[in-house]
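Q: Sharing input_30.txt (compact mmCIF, C-alpha atoms) below.
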```txt
# COMPACT_ATOMS: atom_id res chain seq x y z
CA MET A 1 8.56 -42.74 -34.03
CA PRO A 2 7.30 -42.49 -30.42
CA GLU A 3 4.06 -40.65 -29.74
CA PRO A 4 4.50 -37.06 -28.44
CA ILE A 5 4.01 -36.80 -24.70
CA LYS A 6 0.83 -34.79 -24.03
CA TRP A 7 0.68 -32.40 -21.10
CA HIS A 8 -2.41 -32.06 -18.89
CA CYS A 9 -2.91 -28.27 -18.84
CA ASP A 10 -1.27 -24.83 -19.00
CA VAL A 11 -1.18 -22.67 -15.86
CA ARG A 12 0.07 -19.14 -15.22
CA VAL A 13 2.34 -18.42 -12.26
CA PHE A 14 1.91 -14.85 -10.95
CA TYR A 15 4.88 -13.60 -8.97
CA GLU A 16 6.45 -10.51 -7.40
CA LYS A 17 10.12 -9.64 -7.86
CA THR A 18 11.22 -7.06 -5.31
CA GLY A 19 14.12 -6.03 -3.09
CA MET A 20 17.50 -7.48 -4.05
CA ALA A 21 15.83 -9.76 -6.62
CA LYS A 22 15.57 -6.75 -8.95
CA PHE A 23 19.27 -7.29 -9.68
CA ILE A 24 18.67 -10.83 -11.02
CA SER A 25 18.80 -10.75 -14.83
CA HIS A 26 16.03 -12.25 -16.95
CA LEU A 27 18.22 -15.19 -18.02
CA ASP A 28 19.15 -15.93 -14.40
CA THR A 29 15.45 -15.67 -13.46
CA VAL A 30 14.69 -18.40 -16.01
CA HIS A 31 17.39 -20.62 -14.49
CA LEU A 32 16.18 -19.81 -10.97
CA PHE A 33 12.58 -20.87 -11.76
CA THR A 34 13.78 -24.02 -13.51
CA ARG A 35 15.71 -25.08 -10.39
CA ALA A 36 12.87 -24.07 -8.02
CA ILE A 37 10.33 -26.09 -10.00
CA LYS A 38 12.60 -29.12 -9.72
CA ARG A 39 13.06 -28.63 -5.95
CA ALA A 40 9.29 -28.19 -5.49
CA LYS A 41 8.71 -31.48 -7.38
CA ILE A 42 6.26 -29.86 -9.78
CA PRO A 43 5.29 -32.28 -12.60
CA ILE A 44 6.20 -29.93 -15.45
CA TRP A 45 6.19 -30.90 -19.13
CA PHE A 46 9.55 -30.99 -20.91
CA THR A 47 10.08 -30.13 -24.55
CA GLU A 48 11.05 -33.01 -26.79
CA GLY A 49 13.93 -33.52 -29.21
CA PHE A 50 17.70 -33.60 -28.71
CA ASN A 51 17.78 -30.96 -25.96
CA PRO A 52 14.66 -31.31 -23.79
CA HIS A 53 14.07 -28.55 -21.25
CA ALA A 54 11.33 -27.48 -18.86
CA PHE A 55 8.59 -25.55 -20.66
CA LEU A 56 8.47 -22.00 -19.25
CA THR A 57 7.08 -18.97 -21.08
CA PHE A 58 7.58 -15.56 -19.47
CA ALA A 59 5.12 -12.86 -20.58
CA MET A 60 8.05 -10.49 -21.19
CA PRO A 61 11.51 -9.80 -19.76
CA LEU A 62 11.74 -7.42 -16.81
CA SER A 63 14.52 -4.85 -17.08
CA LEU A 64 17.41 -5.24 -14.65
CA GLY A 65 16.98 -3.02 -11.59
CA VAL A 66 13.17 -2.82 -11.87
CA GLU A 67 10.92 -4.22 -9.15
CA SER A 68 7.54 -5.69 -10.11
CA TYR A 69 4.30 -6.88 -8.53
CA CYS A 70 2.88 -8.31 -11.77
CA GLU A 71 5.29 -10.77 -13.39
CA THR A 72 4.14 -14.10 -14.85
CA VAL A 73 5.51 -17.33 -16.25
CA ASP A 74 3.38 -19.99 -17.96
CA ILE A 75 4.15 -23.67 -17.35
CA ARG A 76 2.62 -26.94 -18.55
CA LEU A 77 1.63 -29.55 -16.00
CA MET A 78 1.70 -33.27 -16.66
CA GLN A 79 -1.12 -34.00 -14.23
CA GLU A 80 -3.91 -32.34 -12.29
CA GLU A 81 -2.71 -30.43 -9.22
CA ASP A 82 -4.22 -28.31 -6.46
CA LEU A 83 -3.07 -24.87 -7.68
CA ASP A 84 -3.05 -23.23 -4.23
CA GLU A 85 -0.88 -26.02 -2.83
CA LEU A 86 1.32 -25.83 -5.93
CA ALA A 87 1.82 -22.09 -5.37
CA HIS A 88 2.86 -22.73 -1.76
CA ARG A 89 5.41 -25.38 -2.77
CA LEU A 90 6.95 -23.21 -5.47
CA ASP A 91 7.01 -20.13 -3.23
CA SER A 92 8.91 -22.12 -0.57
CA ALA A 93 11.54 -23.10 -3.16
CA LEU A 94 12.27 -19.52 -4.28
CA PRO A 95 14.42 -16.76 -2.71
CA PRO A 96 12.68 -14.43 -0.20
CA ASP A 97 12.44 -11.49 -2.64
CA ILE A 98 10.57 -13.55 -5.25
CA HIS A 99 7.05 -14.32 -4.04
CA ILE A 100 4.34 -16.38 -5.76
CA SER A 101 1.04 -14.50 -5.45
CA LYS A 102 -1.10 -17.15 -7.18
CA ILE A 103 -1.27 -19.83 -9.86
CA ALA A 104 -4.29 -19.88 -12.15
CA PRO A 105 -5.34 -20.86 -15.68
CA PRO A 106 -4.15 -18.23 -18.20
CA ARG A 107 -6.89 -15.89 -19.47
CA LEU A 108 -5.12 -13.69 -22.01
CA SER A 109 -2.17 -14.02 -24.38
CA PRO A 110 1.09 -12.14 -23.66
CA GLN A 111 0.63 -10.50 -27.09
CA GLU A 112 -2.35 -8.64 -25.61
CA ILE A 113 -0.23 -6.64 -23.15
CA ALA A 114 -0.33 -2.99 -24.24
CA TRP A 115 0.12 -0.78 -21.14
CA ALA A 116 1.77 -0.93 -17.72
CA ASP A 117 1.51 1.15 -14.54
CA TYR A 118 4.77 2.22 -12.88
CA LYS A 119 5.64 3.96 -9.64
CA ILE A 120 8.93 5.85 -9.98
CA ILE A 121 10.52 7.22 -6.80
CA PHE A 122 13.17 9.93 -7.05
CA ASN A 123 14.71 9.54 -3.60
CA ASN A 124 15.53 12.74 -1.64
CA ALA A 125 14.95 14.76 -4.81
CA GLY A 126 12.76 17.52 -3.35
CA GLU A 127 10.22 19.80 -4.98
CA TYR A 128 12.55 21.04 -7.69
CA LEU A 129 12.56 17.64 -9.37
CA ALA A 130 8.76 17.45 -9.09
CA SER A 131 8.58 20.72 -11.02
CA ARG A 132 11.13 19.43 -13.53
CA ALA A 133 9.14 16.20 -14.04
CA ASN A 134 5.94 18.16 -14.68
CA THR A 135 7.75 20.40 -17.19
CA VAL A 136 9.16 17.43 -19.11
CA LEU A 137 5.92 15.45 -19.10
CA SER A 138 3.74 18.38 -20.18
CA SER A 139 5.98 19.20 -23.16
CA ASN A 140 4.65 18.72 -26.68
CA GLU A 141 7.59 16.40 -27.42
CA ILE A 142 9.69 14.15 -25.20
CA THR A 143 12.72 13.10 -27.24
CA VAL A 144 15.08 10.40 -25.99
CA MET A 145 17.83 8.22 -27.45
CA LYS A 146 16.40 4.73 -27.94
CA LYS A 147 17.81 1.57 -29.49
CA VAL A 148 15.76 0.64 -32.55
CA LYS A 149 16.05 -2.11 -35.13
CA GLN A 150 17.78 -1.23 -38.37
CA GLY A 151 18.07 -4.27 -40.59
CA ARG A 152 19.56 -7.07 -38.51
CA SER A 153 21.19 -4.80 -35.96
CA LYS A 154 20.14 -2.18 -33.42
CA VAL A 155 21.18 1.46 -33.53
CA GLU A 156 20.52 4.41 -31.22
CA LYS A 157 18.06 6.89 -32.64
CA GLU A 158 16.32 9.99 -31.29
CA VAL A 159 12.61 9.24 -30.86
CA ASP A 160 9.62 11.11 -29.43
CA ILE A 161 7.91 9.07 -26.68
CA LYS A 162 5.19 11.59 -25.82
CA ASP A 163 2.50 9.37 -27.35
CA LYS A 164 3.75 6.38 -25.33
CA ILE A 165 2.44 7.98 -22.13
CA LEU A 166 -1.24 7.39 -21.32
CA LYS A 167 -1.45 9.29 -18.02
CA TYR A 168 0.71 10.44 -15.12
CA SER A 169 0.72 12.23 -11.77
CA VAL A 170 3.58 13.78 -9.80
CA ASP A 171 3.43 13.93 -5.99
CA MET A 172 5.70 14.50 -3.00
CA GLU A 173 6.13 11.81 -0.33
CA ASN A 174 8.32 13.27 2.42
CA GLU A 175 11.47 14.36 0.54
CA ASN A 176 10.85 12.02 -2.39
CA THR A 177 9.34 12.97 -5.73
CA VAL A 178 6.96 10.21 -6.82
CA LEU A 179 5.83 9.76 -10.42
CA ASN A 180 2.92 7.41 -11.13
CA ILE A 181 2.75 6.81 -14.85
CA THR A 182 1.16 4.49 -17.42
CA LEU A 183 3.44 3.66 -20.36
CA THR A 184 3.13 1.50 -23.45
CA SER A 185 4.24 -2.06 -22.80
CA GLY A 186 4.39 -5.40 -24.56
CA MET A 187 6.54 -7.26 -27.04
CA GLN A 188 6.05 -4.83 -29.92
CA ASN A 189 5.87 -1.41 -28.28
CA ASN A 190 7.67 -1.45 -24.95
CA ILE A 191 9.08 1.71 -23.34
CA ASN A 192 11.68 1.29 -20.60
CA PRO A 193 10.94 3.83 -17.82
CA SER A 194 14.68 4.49 -17.51
CA LEU A 195 14.50 6.43 -20.79
CA LEU A 196 12.06 8.87 -19.24
CA ILE A 197 14.00 9.02 -15.97
CA GLY A 198 17.16 9.99 -17.85
CA LYS A 199 15.26 12.82 -19.53
CA ILE A 200 13.85 14.11 -16.23
CA VAL A 201 17.11 14.05 -14.23
CA ASP A 202 19.26 15.41 -17.08
CA GLY A 203 20.99 18.59 -15.88
CA THR A 204 19.94 18.10 -12.24
CA ASP A 205 21.77 16.86 -9.14
CA THR A 206 19.66 13.69 -9.05
CA ASP A 207 21.47 10.48 -9.99
CA ALA A 208 19.39 8.18 -12.20
CA ASP A 209 20.86 5.19 -10.30
CA SER A 210 19.23 6.39 -7.06
CA VAL A 211 15.74 6.18 -8.57
CA ASP A 212 13.47 3.25 -7.69
CA ILE A 213 11.24 1.81 -10.44
CA ILE A 214 8.29 -0.40 -9.50
CA LYS A 215 6.02 -2.04 -12.07
CA LEU A 216 2.53 -2.29 -10.60
CA LYS A 217 0.12 -3.76 -13.18
CA SER A 218 -0.22 -4.68 -16.86
CA TYR A 219 -3.21 -3.95 -19.12
CA THR A 220 -4.60 -4.74 -22.55
CA ALA A 221 -5.15 -2.05 -25.22
CA GLU A 222 -8.67 -1.59 -23.79
CA LEU A 223 -7.16 -1.08 -20.30
CA THR A 224 -8.52 -4.38 -19.02
CA PRO A 225 -6.20 -5.82 -16.34
CA TRP A 226 -4.03 -8.45 -18.02
CA GLU A 227 -4.12 -11.90 -16.44
```
Could the structure of this file be written out as structure tokens, please?

A:
Amino acid sequence: MPEPIKWHCDVRVFYEKTGMAKFISHLDTVHLFTRAIKRAKIPIWFTEGFNPHAFLTFAMPLSLGVESYCETVDIRLMQEEDLDELAHRLDSALPPDIHISKIAPPRLSPQEIAWADYKIIFNNAGEYLASRANTVLSSNEITVMKKVKQGRSKVEKEVDIKDKILKYSVDMENENTVLNITLTSGMQNNINPSLLIGKIVDGTDTDADSVDIIKLKSYTAELTPWE
């Protein structure tokens, strides 16, 4: 049996996904990075076995339609590289709305992600929606329909997400209502902001599809910035 091929080191690619790129699904994002890494001639480690593929580990999937300034993917390099130069090569191989901010050694495990900051923009919603958002968020309970695991399948169930909100503020920017909010995040306890948006716009003239969602930063349970 041949000896396993050993990689040189793990590195974490930090990237932004904005503009039209928010409509690229997670699976297509994986394919996009795989092709970009090949075009950039990055010496990435491939898994072994009958179906070898480039080793990429995304911290967590980003929901379709959400922009983000704090996405990451871990890769394994086969040799030592200048990480700044590597970031430039990979950035040049990606679409304009996906930008590499840096490449650095990973510090924390994806399992340590516990919170995330979001900026939610209700476009042309006016002050009424700001009042509505404050009413919903200050309620003792915030019940939404959420898909939860039941056995081997998922079912929709009414759940209270009040305790999934760490902090929030509601402001007006021109005619837009802007909600800055910190929600639970991570593999085990993730809350999609669209659940909260649906609750806020329910019964109003605001269309949930006209709302912009921007993920700003991820944190650990102790609110240390996750990197």

Q: Name the closest residue to Asn180 in chain A among the candidates A:Lys154, A:Lys167, A:His31, A:Lys38; distances are taken between atoms, counting only C-alpha atoms.

A: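 Among A:Lys154, A:Lys167, A:His31, A:Lys38, it is A:Lys167 that comes nearest to Asn180 in chain A.
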
Q: Find the spatial neighbours of range 215-227 of chain A, counting only C-alpha atoms, within a cut-off of 12 Å - ignore same-chain residues fewer than 6 positions away - and output them as a PDB file with C-alpha atoms, in the frame of the given file.

A:
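Written out: selection02.pdb:
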```
ATOM      1  CA  VAL A  11      -1.180 -22.670 -15.860  1.00  0.00           C
ATOM      2  CA  ARG A  12       0.070 -19.140 -15.220  1.00  0.00           C
ATOM      3  CA  VAL A  13       2.340 -18.420 -12.260  1.00  0.00           C
ATOM      4  CA  PHE A  14       1.910 -14.850 -10.950  1.00  0.00           C
ATOM      5  CA  TYR A  15       4.880 -13.600  -8.970  1.00  0.00           C
ATOM      6  CA  GLU A  16       6.450 -10.510  -7.400  1.00  0.00           C
ATOM      7  CA  LYS A  17      10.120  -9.640  -7.860  1.00  0.00           C
ATOM      8  CA  THR A  18      11.220  -7.060  -5.310  1.00  0.00           C
ATOM      9  CA  LYS A  22      15.570  -6.750  -8.950  1.00  0.00           C
ATOM     10  CA  ALA A  59       5.120 -12.860 -20.580  1.00  0.00           C
ATOM     11  CA  MET A  60       8.050 -10.490 -21.190  1.00  0.00           C
ATOM     12  CA  LEU A  62      11.740  -7.420 -16.810  1.00  0.00           C
ATOM     13  CA  SER A  63      14.520  -4.850 -17.080  1.00  0.00           C
ATOM     14  CA  GLY A  65      16.980  -3.020 -11.590  1.00  0.00           C
ATOM     15  CA  VAL A  66      13.170  -2.820 -11.870  1.00  0.00           C
ATOM     16  CA  GLU A  67      10.920  -4.220  -9.150  1.00  0.00           C
ATOM     17  CA  SER A  68       7.540  -5.690 -10.110  1.00  0.00           C
ATOM     18  CA  TYR A  69       4.300  -6.880  -8.530  1.00  0.00           C
ATOM     19  CA  CYS A  70       2.880  -8.310 -11.770  1.00  0.00           C
ATOM     20  CA  GLU A  71       5.290 -10.770 -13.390  1.00  0.00           C
ATOM     21  CA  THR A  72       4.140 -14.100 -14.850  1.00  0.00           C
ATOM     22  CA  VAL A  73       5.510 -17.330 -16.250  1.00  0.00           C
ATOM     23  CA  ASP A  74       3.380 -19.990 -17.960  1.00  0.00           C
ATOM     24  CA  LYS A 102      -1.100 -17.150  -7.180  1.00  0.00           C
ATOM     25  CA  ILE A 103      -1.270 -19.830  -9.860  1.00  0.00           C
ATOM     26  CA  ALA A 104      -4.290 -19.880 -12.150  1.00  0.00           C
ATOM     27  CA  PRO A 105      -5.340 -20.860 -15.680  1.00  0.00           C
ATOM     28  CA  PRO A 106      -4.150 -18.230 -18.200  1.00  0.00           C
ATOM     29  CA  ARG A 107      -6.890 -15.890 -19.470  1.00  0.00           C
ATOM     30  CA  LEU A 108      -5.120 -13.690 -22.010  1.00  0.00           C
ATOM     31  CA  SER A 109      -2.170 -14.020 -24.380  1.00  0.00           C
ATOM     32  CA  PRO A 110       1.090 -12.140 -23.660  1.00  0.00           C
ATOM     33  CA  GLN A 111       0.630 -10.500 -27.090  1.00  0.00           C
ATOM     34  CA  GLU A 112      -2.350  -8.640 -25.610  1.00  0.00           C
ATOM     35  CA  ILE A 113      -0.230  -6.640 -23.150  1.00  0.00           C
ATOM     36  CA  ALA A 114      -0.330  -2.990 -24.240  1.00  0.00           C
ATOM     37  CA  TRP A 115       0.120  -0.780 -21.140  1.00  0.00           C
ATOM     38  CA  ALA A 116       1.770  -0.930 -17.720  1.00  0.00           C
ATOM     39  CA  ASP A 117       1.510   1.150 -14.540  1.00  0.00           C
ATOM     40  CA  TYR A 118       4.770   2.220 -12.880  1.00  0.00           C
ATOM     41  CA  LYS A 119       5.640   3.960  -9.640  1.00  0.00           C
ATOM     42  CA  ILE A 120       8.930   5.850  -9.980  1.00  0.00           C
ATOM     43  CA  ILE A 121      10.520   7.220  -6.800  1.00  0.00           C
ATOM     44  CA  LEU A 166      -1.240   7.390 -21.320  1.00  0.00           C
ATOM     45  CA  LEU A 179       5.830   9.760 -10.420  1.00  0.00           C
ATOM     46  CA  ASN A 180       2.920   7.410 -11.130  1.00  0.00           C
ATOM     47  CA  ILE A 181       2.750   6.810 -14.850  1.00  0.00           C
ATOM     48  CA  THR A 182       1.160   4.490 -17.420  1.00  0.00           C
ATOM     49  CA  LEU A 183       3.440   3.660 -20.360  1.00  0.00           C
ATOM     50  CA  THR A 184       3.130   1.500 -23.450  1.00  0.00           C
ATOM     51  CA  SER A 185       4.240  -2.060 -22.800  1.00  0.00           C
ATOM     52  CA  GLY A 186       4.390  -5.400 -24.560  1.00  0.00           C
ATOM     53  CA  ASN A 189       5.870  -1.410 -28.280  1.00  0.00           C
ATOM     54  CA  ASN A 190       7.670  -1.450 -24.950  1.00  0.00           C
ATOM     55  CA  ASN A 192      11.680   1.290 -20.600  1.00  0.00           C
ATOM     56  CA  PRO A 193      10.940   3.830 -17.820  1.00  0.00           C
TER      57      PRO A 193
END
```

Q: List the spatial neighbours of Leu56 in chain A as an MDAnalysis selection string - criterion: any atom at most 9 Å away, all atoms listed in the file, same-chain residues fewer than 6 positions off excluded.

A: chainID A and resid 30 33:34 73:76

Q: Would you save the residues of that selection, restricted to C-alpha atoms, as a compact mmCIF listing (two decimals), in the frame of the given file?

A:
```txt
# COMPACT_ATOMS: atom_id res chain seq x y z
CA VAL A 30 14.69 -18.40 -16.01
CA PHE A 33 12.58 -20.87 -11.76
CA THR A 34 13.78 -24.02 -13.51
CA VAL A 73 5.51 -17.33 -16.25
CA ASP A 74 3.38 -19.99 -17.96
CA ILE A 75 4.15 -23.67 -17.35
CA ARG A 76 2.62 -26.94 -18.55
```

Q: What does the distance from CA of Val159 in chain A to CA of Thr204 in chain A come to in Å, to one decimal?

A: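 Computing it gives 21.9 Å between the two atoms.
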
Q: Using all atoms listed in the file, which of the listed residues (A:Ile98, A:Ile200, A:Met172, A:Ile161) sits closest to Asn124 in chain A?

A: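 Of A:Ile98, A:Ile200, A:Met172, A:Ile161, the one nearest Asn124 in chain A, counting all atoms listed in the file, is A:Met172.
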
Q: Using only C-alpha atoms, which residue out of A:Lys41, A:Lys146, A:His26, A:Arg89 lies closest to Phe58 in chain A?

A: A:His26

Q: Excluding Ile197 in chain A and its own-chain neighbours fewer than 2 positions away, which residues fall within 12 Å of it when counting only C-alpha atoms? Please give them as a JSON list (two decimals) with C-alpha atoms, in the coordinates of the input.

A:
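The resulting file, out.json, is reproduced below:
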```json
[["chain", "number", "residue", "atom", "x", "y", "z"],
["A", 118, "TYR", "CA", 4.77, 2.22, -12.88],
["A", 119, "LYS", "CA", 5.64, 3.96, -9.64],
["A", 120, "ILE", "CA", 8.93, 5.85, -9.98],
["A", 121, "ILE", "CA", 10.52, 7.22, -6.80],
["A", 122, "PHE", "CA", 13.17, 9.93, -7.05],
["A", 129, "LEU", "CA", 12.56, 17.64, -9.37],
["A", 132, "ARG", "CA", 11.13, 19.43, -13.53],
["A", 133, "ALA", "CA", 9.14, 16.20, -14.04],
["A", 136, "VAL", "CA", 9.16, 17.43, -19.11],
["A", 137, "LEU", "CA", 5.92, 15.45, -19.10],
["A", 142, "ILE", "CA", 9.69, 14.15, -25.20],
["A", 144, "VAL", "CA", 15.08, 10.40, -25.99],
["A", 177, "THR", "CA", 9.34, 12.97, -5.73],
["A", 178, "VAL", "CA", 6.96, 10.21, -6.82],
["A", 179, "LEU", "CA", 5.83, 9.76, -10.42],
["A", 181, "ILE", "CA", 2.75, 6.81, -14.85],
["A", 191, "ILE", "CA", 9.08, 1.71, -23.34],
["A", 192, "ASN", "CA", 11.68, 1.29, -20.60],
["A", 193, "PRO", "CA", 10.94, 3.83, -17.82],
["A", 194, "SER", "CA", 14.68, 4.49, -17.51],
["A", 195, "LEU", "CA", 14.50, 6.43, -20.79],
["A", 199, "LYS", "CA", 15.26, 12.82, -19.53],
["A", 200, "ILE", "CA", 13.85, 14.11, -16.23],
["A", 201, "VAL", "CA", 17.11, 14.05, -14.23],
["A", 202, "ASP", "CA", 19.26, 15.41, -17.08],
["A", 203, "GLY", "CA", 20.99, 18.59, -15.88],
["A", 204, "THR", "CA", 19.94, 18.10, -12.24],
["A", 206, "THR", "CA", 19.66, 13.69, -9.05],
["A", 207, "ASP", "CA", 21.47, 10.48, -9.99],
["A", 208, "ALA", "CA", 19.39, 8.18, -12.20],
["A", 209, "ASP", "CA", 20.86, 5.19, -10.30],
["A", 210, "SER", "CA", 19.23, 6.39, -7.06],
["A", 211, "VAL", "CA", 15.74, 6.18, -8.57],
["A", 212, "ASP", "CA", 13.47, 3.25, -7.69],
["A", 213, "ILE", "CA", 11.24, 1.81, -10.44]]
```

Q: Once 5 Å is added on each side, what are the centre and the three edge lengths, in Å to one decimal, of the axis-aligned box enclosing the listed atoms of range 202-220 of chain A? Present them as lines of an AutoDock Vina configuration file.

A:
```
center_x = 8.6
center_y = 6.9
center_z = -14.8
size_x = 36.4
size_y = 33.3
size_z = 25.5
```

Q: Mind checking which residues fall within 9 Å of Pro95 in chain A, counting only C-alpha atoms, ignoring those fewer than 4 positions away in the same chain, and posting them as number ranges by chain?

A: A: 21, 32, 91, 99

Q: Would you list the contacts of Lys147 in chain A as a list in words, taking every protein, DNA or RNA residue within 10 Å and counting all atoms listed in the file, but skipping same-chain residues closer than 5 positions in sequence?

A: Ser153, Lys154, Val155, Glu156, Lys157, Glu158 and Val159 of chain A

Q: Have a look at CA of Leu90 in chain A and CA of Glu48 in chain A and let me know their distance in Å, one decimal.

A: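 CA of Glu48 in chain A lies 23.8 Å from CA of Leu90 in chain A.
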
Q: Report the distance between CA of Asp84 in chain A and CA of Ala36 in chain A in Å, rounded to one decimal place.

A: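 Interatomic distance, CA of Asp84 in chain A to CA of Ala36 in chain A: 16.4 Å.
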
Q: Pick out the closest residue to Asn176 in chain A from this set: A:Ser25, A:Leu94, A:Asn140, A:Glu127. Count all atoms listed in the file.

A: A:Glu127

Q: Could you check which of A:Val170, A:Gln188, A:Asp97, A:Asp160 is closest to Gly19 in chain A, using all atoms listed in the file?

A: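 Smallest distance to Gly19 in chain A is found for A:Asp97.
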
Q: Counting all atoms listed in the file, which of A:Asn174, A:Ala125, A:Ala40, A:Asn51 gets nearest to Ser92 in chain A?

A: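 Closest residue, counting all atoms listed in the file: A:Ala40.
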